[in-house]
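A.B. asks: Contents of my_file_24.txt (compact mmCIF, C-alpha atoms) are below:
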```txt
# COMPACT_ATOMS: atom_id res chain seq x y z
CA MET A 24 65.47 67.03 127.26
CA HIS A 25 65.95 63.70 125.52
CA ALA A 26 62.99 61.38 125.13
CA ALA A 27 63.45 57.69 125.84
CA ASP A 28 63.70 55.99 122.46
CA PRO A 29 61.75 52.70 122.44
CA ARG A 30 64.28 51.40 119.91
CA LYS A 31 67.25 51.86 122.27
CA PRO A 32 68.13 51.03 125.90
CA ALA A 33 67.53 53.88 128.34
CA ALA A 34 70.58 56.05 129.05
CA ALA A 35 71.50 58.03 132.14
CA ALA A 36 69.67 61.37 132.37
CA SER A 37 70.51 64.70 133.95
CA ALA A 38 68.77 65.77 137.14
CA GLY A 39 66.35 67.99 135.21
CA GLN A 40 65.59 65.28 132.68
CA ALA A 41 65.07 62.72 135.45
CA LEU A 42 62.64 65.05 137.25
CA GLU A 43 60.48 65.46 134.15
CA SER A 44 60.59 61.76 133.31
CA HIS A 45 59.10 61.00 136.74
CA THR A 46 56.21 63.42 136.31
CA PRO A 47 55.07 63.31 132.65
CA ASP A 48 51.48 62.47 133.56
CA ALA A 49 51.23 65.30 136.08
CA ALA A 50 52.81 67.80 133.68
CA LEU A 51 50.55 66.74 130.82
CA ASP A 52 47.42 66.73 133.00
CA ALA A 53 48.22 70.23 134.30
CA THR A 54 48.83 71.50 130.77
CA LEU A 55 45.59 70.05 129.41
CA PHE A 56 43.59 71.28 132.41
CA ARG A 57 44.94 74.80 131.93
CA LEU A 58 44.24 74.64 128.19
CA ALA A 59 40.65 73.45 128.74
CA ALA A 60 39.99 76.40 131.06
CA ASN A 61 41.50 78.92 128.64
CA ARG A 62 38.95 81.09 126.80
CA HIS A 63 41.16 81.51 123.74
CA GLU A 64 39.91 82.31 120.25
CA LEU A 65 42.35 80.36 118.08
CA TYR A 66 39.79 78.39 116.08
CA GLY A 67 39.44 79.57 112.49
CA ARG A 68 42.07 82.27 112.98
CA ASP A 69 45.43 82.77 111.26
CA VAL A 70 48.67 83.46 113.13
CA LEU A 71 50.34 86.45 111.52
CA LEU A 72 51.47 88.89 114.25
CA THR A 73 51.73 88.04 117.95
CA TRP A 74 50.45 91.44 119.04
CA GLN A 75 47.20 90.72 117.20
CA LYS A 76 46.63 87.80 119.56
CA SER A 77 45.19 88.01 123.07
CA LEU A 78 47.24 86.80 126.02
CA ASP A 79 44.84 83.85 126.27
CA ASP A 80 45.60 82.97 122.64
CA LEU A 81 49.35 83.14 123.20
CA VAL A 82 49.26 81.03 126.35
CA ALA A 83 46.99 78.51 124.62
CA LEU A 84 49.49 78.16 121.77
CA LEU A 85 52.27 77.49 124.28
CA ASP A 86 50.13 74.93 126.11
CA ILE A 87 49.15 73.11 122.91
CA ALA A 88 52.83 73.02 121.92
CA GLU A 89 53.81 71.68 125.33
CA ALA A 90 51.09 69.03 125.29
CA LEU A 91 52.24 67.84 121.87
CA ARG A 92 55.82 67.68 123.12
CA LEU A 93 54.86 65.68 126.21
CA LEU A 94 52.69 63.32 124.16
CA ARG A 95 55.57 62.66 121.78
CA LEU A 96 57.91 62.04 124.72
CA ARG A 97 55.39 59.41 125.86
CA ASN A 98 55.56 57.82 122.40
CA VAL A 99 51.93 58.77 121.65
CA ASP A 100 50.94 59.12 118.00
CA THR A 101 49.63 62.70 117.67
CA ARG A 102 48.30 62.51 114.12
CA CYS A 103 44.89 64.20 114.12
CA PHE A 104 44.56 64.40 110.31
CA ALA A 105 44.18 61.22 108.27
CA SER A 106 44.99 63.19 105.10
CA GLY A 107 45.52 66.71 103.87
CA LEU A 108 48.30 69.06 102.78
CA ALA A 109 50.39 71.63 104.57
CA ILE A 110 51.63 74.07 101.93
CA SER A 111 54.97 75.78 102.49
CA GLN A 112 56.08 78.85 100.57
CA PHE A 113 59.60 80.07 101.31
CA ARG A 114 60.50 83.27 99.53
CA ASP A 115 63.84 83.42 101.38
CA GLN A 116 66.47 80.95 102.56
CA SER A 117 65.62 78.76 105.53
CA THR A 118 66.91 75.72 107.41
CA ARG A 119 65.39 75.62 110.91
CA THR A 120 61.96 77.00 110.01
CA ARG A 121 61.65 74.95 106.81
CA PHE A 122 62.33 71.69 108.63
CA SER A 123 60.30 72.77 111.65
CA PHE A 124 57.27 73.34 109.41
CA ALA A 125 57.71 69.95 107.77
CA SER A 126 58.14 68.31 111.18
CA ALA A 127 55.05 70.05 112.54
CA ALA A 128 52.94 68.94 109.59
CA ASP A 129 54.13 65.35 109.94
CA LEU A 130 53.48 65.42 113.68
CA LEU A 131 49.81 66.19 112.92
CA GLY A 132 49.48 63.75 110.00
CA LEU A 133 49.71 66.23 107.11
CA ALA A 134 51.83 65.87 103.98
CA VAL A 135 54.02 68.83 103.04
CA GLN A 136 53.99 70.33 99.56
CA ASP A 137 56.37 73.18 98.82
CA LEU A 138 55.07 75.91 96.53
CA ASP A 139 58.01 76.60 94.25
CA GLU A 140 57.20 79.87 92.49
CA GLY A 141 59.66 79.14 89.70
CA LYS A 142 57.77 75.95 88.85
CA SER A 143 54.29 77.40 89.27
CA GLN A 144 52.11 79.70 87.20
CA LEU A 145 53.07 82.56 89.52
CA SER A 146 56.13 82.97 87.34
CA HIS A 147 53.76 83.44 84.37
CA GLY A 148 51.66 86.11 86.02
CA GLU A 149 49.02 84.10 87.89
CA THR A 150 47.46 86.26 90.61
CA VAL A 151 48.06 85.74 94.30
CA ARG A 152 44.31 85.25 94.77
CA GLU A 153 44.09 82.50 92.19
CA THR A 154 47.20 80.68 93.39
CA ALA A 155 46.07 80.78 97.02
CA VAL A 156 42.76 79.15 96.12
CA MET A 157 44.19 76.59 93.68
CA VAL A 158 46.61 75.14 96.26
CA SER A 159 43.98 75.03 99.01
CA PHE A 160 41.28 72.57 97.93
CA LEU A 161 42.59 69.76 100.17
CA SER A 162 44.93 71.82 102.33
CA GLU A 163 44.75 72.47 106.06
CA ALA A 164 47.53 75.04 106.47
CA ILE A 165 49.70 77.40 104.44
CA GLY A 166 53.01 78.48 105.97
CA ILE A 167 54.71 81.49 104.38
CA ARG A 168 58.15 83.03 104.83
CA ASP A 169 58.46 86.40 103.11
CA ASP A 170 60.93 88.70 104.84
CA MET A 171 63.16 90.11 102.11
CA TYR A 172 61.13 93.14 101.08
CA LEU A 173 60.23 95.76 103.66
CA GLY A 174 56.55 96.57 103.46
CA ALA A 175 55.75 93.49 101.38
CA GLY A 176 55.88 90.26 103.41
CA HIS A 177 53.04 90.88 105.85
CA THR A 178 51.03 92.50 103.07
CA TYR A 179 51.43 89.38 100.92
CA MET A 180 50.26 87.14 103.77
CA THR A 181 47.15 89.22 104.36
CA GLU A 182 46.43 89.11 100.61
CA VAL A 183 46.61 85.29 100.70
CA ALA A 184 44.35 85.24 103.78
CA ALA A 185 41.82 87.54 102.11
CA ALA A 186 41.72 85.33 99.01
CA LEU A 187 41.01 82.27 101.18
CA ASP A 188 38.27 84.15 103.06
CA GLN A 189 36.59 85.08 99.79
CA ALA A 190 36.82 81.56 98.34
CA HIS A 191 35.37 80.08 101.53
CA ARG A 192 32.50 82.62 101.58
CA GLU A 193 31.69 81.87 97.97
CA GLY A 194 31.65 78.11 98.57
CA VAL A 195 34.70 77.42 96.42
CA LEU A 196 36.59 76.08 99.44
CA PRO A 197 34.57 73.85 101.79
CA TRP A 198 37.00 74.76 104.56
CA ARG A 199 39.64 77.43 104.87
CA PRO A 200 43.28 76.54 105.53
CA ALA A 201 45.09 78.34 108.33
CA VAL A 202 47.77 80.83 107.31
CA VAL A 203 50.90 80.73 109.47
CA ASN A 204 53.56 83.43 109.36
CA LEU A 205 56.92 81.66 109.15
CA GLN A 206 58.63 85.10 109.13
CA CYS A 207 57.70 88.33 107.44
CA ASP A 208 59.19 91.81 107.33
CA ILE A 209 57.44 92.77 110.58
CA ASP A 210 57.35 89.74 112.89
CA HIS A 211 58.68 86.19 113.33
CA PRO A 212 56.03 84.62 115.58
CA THR A 213 57.14 80.98 115.30
CA GLN A 214 60.62 82.02 116.47
CA THR A 215 59.61 84.31 119.30
CA LEU A 216 56.98 81.93 120.68
CA ALA A 217 59.60 79.16 120.63
CA ASP A 218 61.90 81.57 122.50
CA LEU A 219 59.16 82.25 125.05
CA GLN A 220 58.42 78.55 125.47
CA HIS A 221 62.13 77.97 126.15
CA LEU A 222 62.19 80.73 128.76
CA ARG A 223 58.99 79.43 130.34
CA ARG A 224 60.61 76.06 130.92
CA GLU A 225 63.97 77.51 132.00
CA PHE A 226 62.36 79.79 134.60
CA GLY A 227 59.56 77.41 135.58
CA SER A 228 56.54 79.45 134.47
CA LEU A 229 55.45 82.56 132.62
CA GLU A 230 54.75 84.21 135.97
CA ASN A 231 58.38 83.71 136.97
CA LEU A 232 59.43 85.85 134.00
CA ARG A 233 57.88 88.93 135.57
CA GLY A 234 60.53 91.43 136.56
CA ARG A 235 63.28 89.59 134.69
CA LYS A 236 65.56 91.77 132.60
CA LEU A 237 65.69 90.78 128.94
CA VAL A 238 68.08 92.55 126.58
CA MET A 239 67.46 92.57 122.83
CA SER A 240 70.76 93.88 121.50
CA TRP A 241 72.20 94.57 118.10
CA ALA A 242 75.49 92.73 117.57
CA TYR A 243 78.19 93.09 114.95
CA SER A 244 78.04 90.99 111.81
CA PRO A 245 80.29 90.96 108.74
CA SER A 246 77.17 90.65 106.57
CA TYR A 247 74.35 93.06 105.86
CA GLY A 248 70.64 92.99 105.09
CA LYS A 249 69.59 90.87 108.06
CA PRO A 250 65.82 91.24 108.62
CA LEU A 251 64.29 93.36 111.37
CA SER A 252 61.58 90.84 112.20
CA VAL A 253 63.38 89.02 115.03
CA PRO A 254 64.14 92.09 117.20
CA GLN A 255 60.72 93.54 116.39
CA GLY A 256 59.08 90.22 117.22
CA VAL A 257 60.98 89.88 120.50
CA LEU A 258 59.93 93.37 121.59
CA GLY A 259 56.37 92.75 120.41
CA LEU A 260 56.01 89.56 122.46
CA MET A 261 58.22 89.76 125.55
CA THR A 262 56.89 93.15 126.66
CA ARG A 263 53.49 91.49 127.19
CA PHE A 264 54.70 89.26 130.03
CA GLY A 265 55.84 91.74 132.67
CA MET A 266 59.53 91.62 131.86
CA ASP A 267 61.92 94.55 131.99
CA VAL A 268 62.88 94.70 128.33
CA VAL A 269 65.84 96.70 127.06
CA LEU A 270 66.62 97.41 123.41
CA ALA A 271 70.30 98.17 122.75
CA HIS A 272 71.76 99.25 119.44
CA PRO A 273 74.22 101.80 118.02
CA PRO A 274 72.73 105.11 116.84
CA GLY A 275 71.11 104.71 113.44
CA TYR A 276 70.12 101.05 113.73
CA ASP A 277 66.45 101.84 114.19
CA LEU A 278 63.57 99.41 113.80
CA LEU A 279 60.29 99.93 111.93
CA PRO A 280 58.32 103.02 113.02
CA GLY A 281 55.81 102.19 115.72
CA THR A 282 57.80 99.27 117.13
CA LEU A 283 59.10 101.12 120.18
CA GLU A 284 55.78 102.79 120.88
CA ARG A 285 54.03 99.40 120.84
CA ALA A 286 56.65 97.91 123.15
CA GLN A 287 56.31 100.83 125.55
CA GLN A 288 52.52 100.51 125.72
CA GLN A 289 52.59 96.75 126.13
CA ALA A 290 55.19 97.00 128.90
CA ARG A 291 52.96 99.45 130.76
CA ASP A 292 49.93 97.19 130.29
CA SER A 293 51.82 94.18 131.70
CA SER A 294 53.39 96.12 134.62
CA GLY A 295 56.81 95.61 133.10
CA SER A 296 59.15 98.19 131.62
CA PHE A 297 60.83 99.06 128.35
CA HIS A 298 63.64 101.40 127.43
CA ARG A 299 66.31 101.83 124.79
CA THR A 300 70.03 102.45 125.14
CA HIS A 301 72.95 102.91 122.78
CA ASP A 302 75.36 101.24 125.22
CA MET A 303 75.65 97.43 125.03
CA ALA A 304 77.61 97.14 128.30
CA GLU A 305 75.02 99.20 130.14
CA ALA A 306 72.24 97.03 128.74
CA PHE A 307 73.90 93.76 129.84
CA ALA A 308 74.38 94.93 133.44
CA GLY A 309 72.24 92.71 135.70
CA ALA A 310 70.46 91.06 132.75
CA ASP A 311 68.74 87.69 133.19
CA ILE A 312 68.38 87.03 129.45
CA VAL A 313 70.40 88.42 126.54
CA TYR A 314 69.57 88.17 122.83
CA PRO A 315 72.46 89.70 120.84
CA LYS A 316 71.72 89.61 117.12
CA SER A 317 72.55 91.71 114.10
CA TRP A 318 70.00 93.50 111.96
CA ALA A 319 70.13 96.12 109.21
CA PRO A 320 68.95 99.67 109.92
CA PHE A 321 65.38 100.40 108.87
CA ARG A 322 66.47 103.11 106.43
CA ILE A 323 68.97 100.73 104.81
CA MET A 324 66.28 98.08 104.40
CA GLU A 325 63.97 100.66 102.83
CA ARG A 326 66.59 101.54 100.23
CA ARG A 327 67.49 97.87 99.71
CA THR A 328 63.85 97.03 98.99
CA GLU A 329 63.62 99.78 96.37
CA LEU A 330 66.84 98.65 94.67
CA LEU A 331 65.87 94.96 94.73
CA ARG A 332 62.56 95.76 93.11
CA GLY A 333 64.28 97.91 90.51
CA GLY A 334 66.96 95.29 89.82
CA ASP A 335 69.72 97.88 90.22
CA ARG A 336 72.67 95.60 90.98
CA ALA A 337 75.31 98.29 90.91
CA ALA A 338 73.43 100.41 93.44
CA LEU A 339 72.84 97.31 95.59
CA ALA A 340 76.58 96.63 95.64
CA ASP A 341 77.23 100.24 96.68
CA LEU A 342 74.63 99.96 99.43
CA GLU A 343 76.19 96.74 100.72
CA ARG A 344 79.62 98.38 100.93
CA GLU A 345 78.11 101.34 102.75
CA CYS A 346 76.30 99.13 105.23
CA LEU A 347 79.30 96.90 105.90
CA ALA A 348 81.43 99.97 106.54
CA GLN A 349 78.78 101.23 108.97
CA ASN A 350 78.74 97.84 110.71
CA ALA A 351 82.54 97.87 111.01
CA GLU A 352 82.36 101.09 113.03
CA HIS A 353 80.63 99.04 115.72
CA ALA A 354 82.71 95.85 115.61
CA GLY A 355 83.04 96.05 119.40
CA TRP A 356 79.34 95.16 119.75
CA THR A 357 79.99 91.46 120.26
CA CYS A 358 78.79 89.18 123.04
CA ASP A 359 81.93 88.00 124.81
CA ARG A 360 82.89 86.76 128.26
CA ALA A 361 83.44 90.28 129.60
CA LEU A 362 79.89 91.29 128.68
CA MET A 363 78.35 88.07 130.00
CA ASP A 364 80.16 88.63 133.29
CA ARG A 365 78.18 91.85 133.68
CA THR A 366 74.87 89.97 133.67
CA ARG A 367 73.11 88.75 136.83
CA ASP A 368 75.74 86.63 138.65
CA GLY A 369 77.40 86.23 135.24
CA LYS A 370 74.81 83.58 134.39
CA ALA A 371 72.34 85.17 131.99
CA HIS A 372 70.53 82.96 129.49
CA TYR A 373 71.91 83.56 126.01
CA LEU A 374 69.36 83.38 123.19
CA HIS A 375 69.74 83.46 119.42
CA CYS A 376 67.47 82.52 116.52
CA LEU A 377 70.45 80.87 114.74
CA PRO A 378 72.61 80.70 112.81
CA ALA A 379 74.84 83.00 114.85
CA ASP A 380 77.94 84.69 113.45
CA ILE A 381 80.58 83.15 115.77
CA THR A 382 83.97 84.80 116.11
CA ASP A 383 86.81 82.65 114.73
CA VAL A 384 84.34 79.91 113.76
CA SER A 385 81.97 81.15 111.07
CA CYS A 386 83.72 84.53 110.62
CA ARG A 387 86.76 86.45 111.84
CA ARG A 388 84.66 88.58 114.14
CA GLY A 389 80.94 88.21 114.76
CA GLU A 390 77.94 88.49 117.05
CA VAL A 391 79.25 86.18 119.76
CA SER A 392 82.57 84.75 120.92
CA ALA A 393 83.22 81.05 120.39
CA GLU A 394 83.56 80.58 124.15
CA VAL A 395 80.17 82.09 124.97
CA PHE A 396 78.42 80.29 122.13
CA GLU A 397 79.84 76.90 123.07
CA GLN A 398 78.89 77.40 126.71
CA HIS A 399 75.26 77.99 125.70
CA ARG A 400 75.12 75.75 122.63
CA VAL A 401 73.04 72.93 124.16
CA PRO A 402 70.35 75.24 125.62
CA LEU A 403 70.32 77.11 122.27
CA TYR A 404 69.64 73.91 120.38
CA ARG A 405 66.88 73.04 122.83
CA GLN A 406 65.44 76.51 122.27
CA ALA A 407 65.34 75.80 118.53
CA GLY A 408 63.70 72.45 119.25
CA TYR A 409 60.47 74.09 120.42
CA LYS A 410 59.71 75.57 117.00
CA PRO A 411 58.16 72.42 115.41
CA TYR A 412 55.75 72.14 118.34
CA VAL A 413 54.87 75.83 118.20
CA ILE A 414 54.08 75.61 114.48
CA ALA A 415 52.03 72.46 115.05
CA ALA A 416 50.14 74.28 117.81
CA MET A 417 49.30 77.13 115.42
CA ILE A 418 47.87 74.69 112.88
CA LEU A 419 46.01 72.55 115.42
CA GLY A 420 44.56 75.54 117.27
CA SER A 421 43.23 77.06 114.07
CA ARG A 422 41.71 73.85 112.72
CA PHE A 423 40.13 72.33 115.87
CA ALA A 424 37.60 74.12 118.09
CA ASP A 425 38.47 72.11 121.21
CA PRO A 426 42.23 71.47 121.19
CA ALA A 427 42.25 70.32 124.83
CA GLY A 428 39.56 67.72 124.09
CA LEU A 429 41.36 66.58 120.96
CA LEU A 430 44.68 66.19 122.80
CA ARG A 431 42.97 64.24 125.58
CA SER A 432 41.43 61.93 122.98
CA LEU A 433 44.89 61.31 121.51
CA LEU A 434 46.16 60.49 124.99
CA GLY A 435 43.20 58.19 125.63
CA ARG A 436 43.66 56.45 122.31
CA ALA A 437 47.33 55.92 123.28
CA ARG A 438 48.32 54.64 119.87
CA PRO A 439 52.12 54.30 119.97
CA ARG A 440 54.14 56.38 117.55
CA LEU A 441 56.88 53.75 117.46
CA ARG A 442 55.69 50.17 117.54
CA GLY A 443 57.51 47.02 118.50
```
Take the structure in the file and give it back as structure tokens.

C.D. replies:
Amino acid sequence: MHAADPRKPAAAASAGQALESHTPDAALDATLFRLAANRHELYGRDVLLTWQKSLDDLVALLDIAEALRLLRLRNVDTRCFASGLAISQFRDQSTRTRFSFASAADLLGLAVQDLDEGKSQLSHGETVRETAVMVSFLSEAIGIRDDMYLGAGHTYMTEVAAALDQAHREGVLPWRPAVVNLQCDIDHPTQTLADLQHLRREFGSLENLRGRKLVMSWAYSPSYGKPLSVPQGVLGLMTRFGMDVVLAHPPGYDLLPGTLERAQQQARDSSGSFHRTHDMAEAFAGADIVYPKSWAPFRIMERRTELLRGGDRAALADLERECLAQNAEHAGWTCDRALMDRTRDGKAHYLHCLPADITDVSCRRGEVSAEVFEQHRVPLYRQAGYKPYVIAAMILGSRFADPAGLLRSLLGRARPRLRG
């Protein structure tokens, strides 16, 4: 949806946009009422893996994100910090998440400082513990992306968190910044919660997602080494909301051990279902939501991690050729019109974390046809647009004990974001 810009004349809106614009107060009141009644435990807690969070915590994060979005649409200034830093540390390439983190920090009134390891003492052997403490004296949040090395990213984040705990206990830090996982080797919680928020709005509520068929499918890509954290994160989150979740991939494209077992247990606990297939067409049949995305096999990522750490470039080049040849054997695993026609009434919601490999646009053959991508491009971009609010919700929920009360105070203050 497009917010009315106070700097420009109002433009014509779609039916859905018009409906929301007539009920912003009711939607915001309902969101804040639900949040106030929620017995979540976000305060003082990091957000590292979604399956470590209770359902109350997850719903609270979505509600905080939605309240922030609605407040911004009303042109309400949502800055709840008068000063402070949000530290970002990206150990891999990023566009959407990097700018989403910066946008989230600004939304709350924090300044962003990027921790560039090449320009810090980390490159000279400074310990993780010492660095974590040194950057945290006036910081409120630390966002970390570390997804390149299997078995390392989540471990690094927990090491940072432990260093902050120790420094806070010892009185070195008067307060402890929140640690936010911006993607690790195991999970991508800011992405999957943004996905869930998108689905919540598309289907009307979380309850309306019960019984819906969601397909997390491998798709062909002419590149290799794509992280496992998105499919693992999707399975780790969506199976908790009563959906019928299907994992589809060619033989050999397995995820981290324990991922399927967790998904199976969570599906049972939520009265949903989970199963795996090696047939993409079978998976798409009757689906309400499809998420076709490439990833590298777990065993390949294991070997890649060893070679990266050892600096063996020749062996890495051999591994890349091997993996690309393996991918090419499954070039038919692409989301095209024929597959989408197999979904429920041919109208399934198409999701992707972006950027997608688009056939005849970004590559000769890729994850999705140009026709399908263009048909779903606007909803996809809206899906991506929830991520800044989700990240802001993670920071706000960790730093304020009563987020509903705080958000109501911002509404009551009604200080305009844009003036004049």

A.B. asks: Go ahead and compute the interatomic distance for atom CA of A:Asp210 and atom CA of A:Ala242, in Å to one decimal.

C.D. replies: 19.0 Å

A.B. asks: Between A:Tyr247, A:Leu331, A:Gly408, A:Thr262, which one has atoms that come closest to A:Ala348, using only C-alpha atoms?

C.D. replies: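 That would be A:Tyr247, the residue with the smallest distance to A:Ala348.
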
A.B. asks: Can you list every residue of stretch 150-205 of chain A that has an atom at most 7 Å from stretch 108-126 of chain A, with its nearest atom pair and the distance in Å to one decimal, using all atoms listed in the file, ordered by chain then number, as JSON lines?

C.D. replies:
```
{"residue": "A:Leu161", "atom": "CA", "partner": "A:Leu108", "partner_atom": "CA", "distance": 6.3}
{"residue": "A:Ser162", "atom": "CA", "partner": "A:Leu108", "partner_atom": "CA", "distance": 4.4}
{"residue": "A:Glu163", "atom": "CA", "partner": "A:Ala109", "partner_atom": "CA", "distance": 5.9}
{"residue": "A:Ala164", "atom": "CA", "partner": "A:Ala109", "partner_atom": "CA", "distance": 4.8}
{"residue": "A:Ile165", "atom": "CA", "partner": "A:Ile110", "partner_atom": "CA", "distance": 4.6}
{"residue": "A:Gly166", "atom": "CA", "partner": "A:Ser111", "partner_atom": "CA", "distance": 4.8}
{"residue": "A:Ile167", "atom": "CA", "partner": "A:Gln112", "partner_atom": "CA", "distance": 4.8}
{"residue": "A:Arg168", "atom": "CA", "partner": "A:Phe113", "partner_atom": "CA", "distance": 4.8}
{"residue": "A:Asp169", "atom": "CA", "partner": "A:Arg114", "partner_atom": "CA", "distance": 5.2}
{"residue": "A:Asp170", "atom": "CA", "partner": "A:Asp115", "partner_atom": "CA", "distance": 7.0}
{"residue": "A:Met171", "atom": "CA", "partner": "A:Asp115", "partner_atom": "CA", "distance": 6.8}
{"residue": "A:Leu205", "atom": "CA", "partner": "A:Thr120", "partner_atom": "CA", "distance": 6.9}
```

A.B. asks: Taking into account only C-alpha atoms, which residue in the set A:Val238, A:Gln406, A:Leu251, A:Asp292 is nearest to A:Leu270?

C.D. replies: A:Val238

A.B. asks: Using all atoms listed in the file, which protein or nucleic acid residues come within 8 Å of stretch 280-288 of chain A? Drop anything in the same chain fewer than 6 positions from it, and give the result as a ChimeraX atom specification.

C.D. replies: /A:255,258-259,262,296-298

A.B. asks: Would you export the selected residues with C-alpha atoms as an mmCIF file, in the coordinates of the input, please?

C.D. replies:
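Contents of the output file selection.cif:
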```cif
data_model
loop_
_atom_site.group_PDB
_atom_site.id
_atom_site.type_symbol
_atom_site.label_atom_id
_atom_site.label_comp_id
_atom_site.auth_asym_id
_atom_site.auth_seq_id
_atom_site.Cartn_x
_atom_site.Cartn_y
_atom_site.Cartn_z
ATOM 1 C CA GLN A 255 60.720 93.540 116.390
ATOM 2 C CA LEU A 258 59.930 93.370 121.590
ATOM 3 C CA GLY A 259 56.370 92.750 120.410
ATOM 4 C CA THR A 262 56.890 93.150 126.660
ATOM 5 C CA SER A 296 59.150 98.190 131.620
ATOM 6 C CA PHE A 297 60.830 99.060 128.350
ATOM 7 C CA HIS A 298 63.640 101.400 127.430
#
```

A.B. asks: Of the candidates A:Asp208, A:Ala175, A:Lys236, A:Lys410, which shows the shortest atom-to-atom distance to A:Leu91, using only C-alpha atoms?

C.D. replies: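 Selected residue with least distance to A:Leu91: A:Lys410.
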
A.B. asks: Which residues are close to stretch 212-228 of chain A, i.e. within 7 Å by all atoms listed in the file, leaving aside same-chain residues fewer than 4 positions away? Reply as a list of chain:residue names.

C.D. replies: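 Near neighbours after the sequence-gap exclusion: A:Leu72, A:Thr73, A:Leu85, A:Asn204, A:Leu205, A:Gln206, A:Leu232, A:Gly256, A:Val257, A:Cys376, A:Gln406, A:Ala407, A:Tyr409, A:Lys410, A:Val413, A:Ile414.
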
A.B. asks: To one decimal place, how far is atom CA of A:Arg95 from atom CA of A:Phe423 in Å?

C.D. replies: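 According to the coordinates, atom CA of A:Arg95 and atom CA of A:Phe423 are separated by 19.2 Å.
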
A.B. asks: Would you kindly identify which residues have an atom no farther than 8 Å from (47.1, 83.1, 100.3), using only C-alpha atoms and the file's own coordinates, and write them out as a short mmCIF file (atom, residue, chain, number, x, y, z; two decimals) with C-alpha atoms, keeping the file's coordinate frame?

C.D. replies:
```
data_model
loop_
_atom_site.label_atom_id
_atom_site.label_comp_id
_atom_site.auth_asym_id
_atom_site.auth_seq_id
_atom_site.Cartn_x
_atom_site.Cartn_y
_atom_site.Cartn_z
CA VAL A 151 48.06 85.74 94.30
CA ARG A 152 44.31 85.25 94.77
CA THR A 154 47.20 80.68 93.39
CA ALA A 155 46.07 80.78 97.02
CA VAL A 156 42.76 79.15 96.12
CA ILE A 165 49.70 77.40 104.44
CA TYR A 179 51.43 89.38 100.92
CA MET A 180 50.26 87.14 103.77
CA THR A 181 47.15 89.22 104.36
CA GLU A 182 46.43 89.11 100.61
CA VAL A 183 46.61 85.29 100.70
CA ALA A 184 44.35 85.24 103.78
CA ALA A 185 41.82 87.54 102.11
CA ALA A 186 41.72 85.33 99.01
CA LEU A 187 41.01 82.27 101.18
CA VAL A 202 47.77 80.83 107.31
#
```

A.B. asks: Name the closest residue to A:Leu279 among the candidates A:Leu173, A:Glu345, A:Ser244, A:Asp302; distances are taken between atoms, counting all atoms listed in the file.

C.D. replies: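 Of all the options, A:Leu173 lies closest to A:Leu279.
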
A.B. asks: From (82.9, 78.0, 122.9), in the file's coordinates, out to 12 Å: which residues are reached, counting all atoms listed in the file? Answer as a PyMOL selection string.

C.D. replies: chain A and resi 358-360+381-384+391-401

A.B. asks: One decimal, Å: what's the distance from atom CA of A:Met266 over to atom CA of A:Ser294, could you say?

C.D. replies: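 Separation of atom CA of A:Met266 and atom CA of A:Ser294: 8.1 Å.
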
A.B. asks: Between A:Ala306, A:Val82, A:Asp48, A:Arg344, which one has atoms that come closest to A:Asn61, using only C-alpha atoms?

C.D. replies: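 Ranked by minimum distance to A:Asn61, first place goes to A:Val82.
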
A.B. asks: In terms of the shortest atom-to-atom distance over only C-alpha atoms, which of A:Ala371, A:Ala338, A:Val70, A:Ala424 is closest to A:Cys207?

C.D. replies: A:Val70

A.B. asks: For stretch 134-142 of chain A, I'd like the enclosing box, axis-aligned and padded by 3 Å on every side, reported as AutoDock Vina command-line options with centre and edge lengths in Å to one decimal.

C.D. replies:
```
--center_x 55.7 --center_y 72.9 --center_z 96.4 --size_x 13.8 --size_y 20.0 --size_z 21.1
```
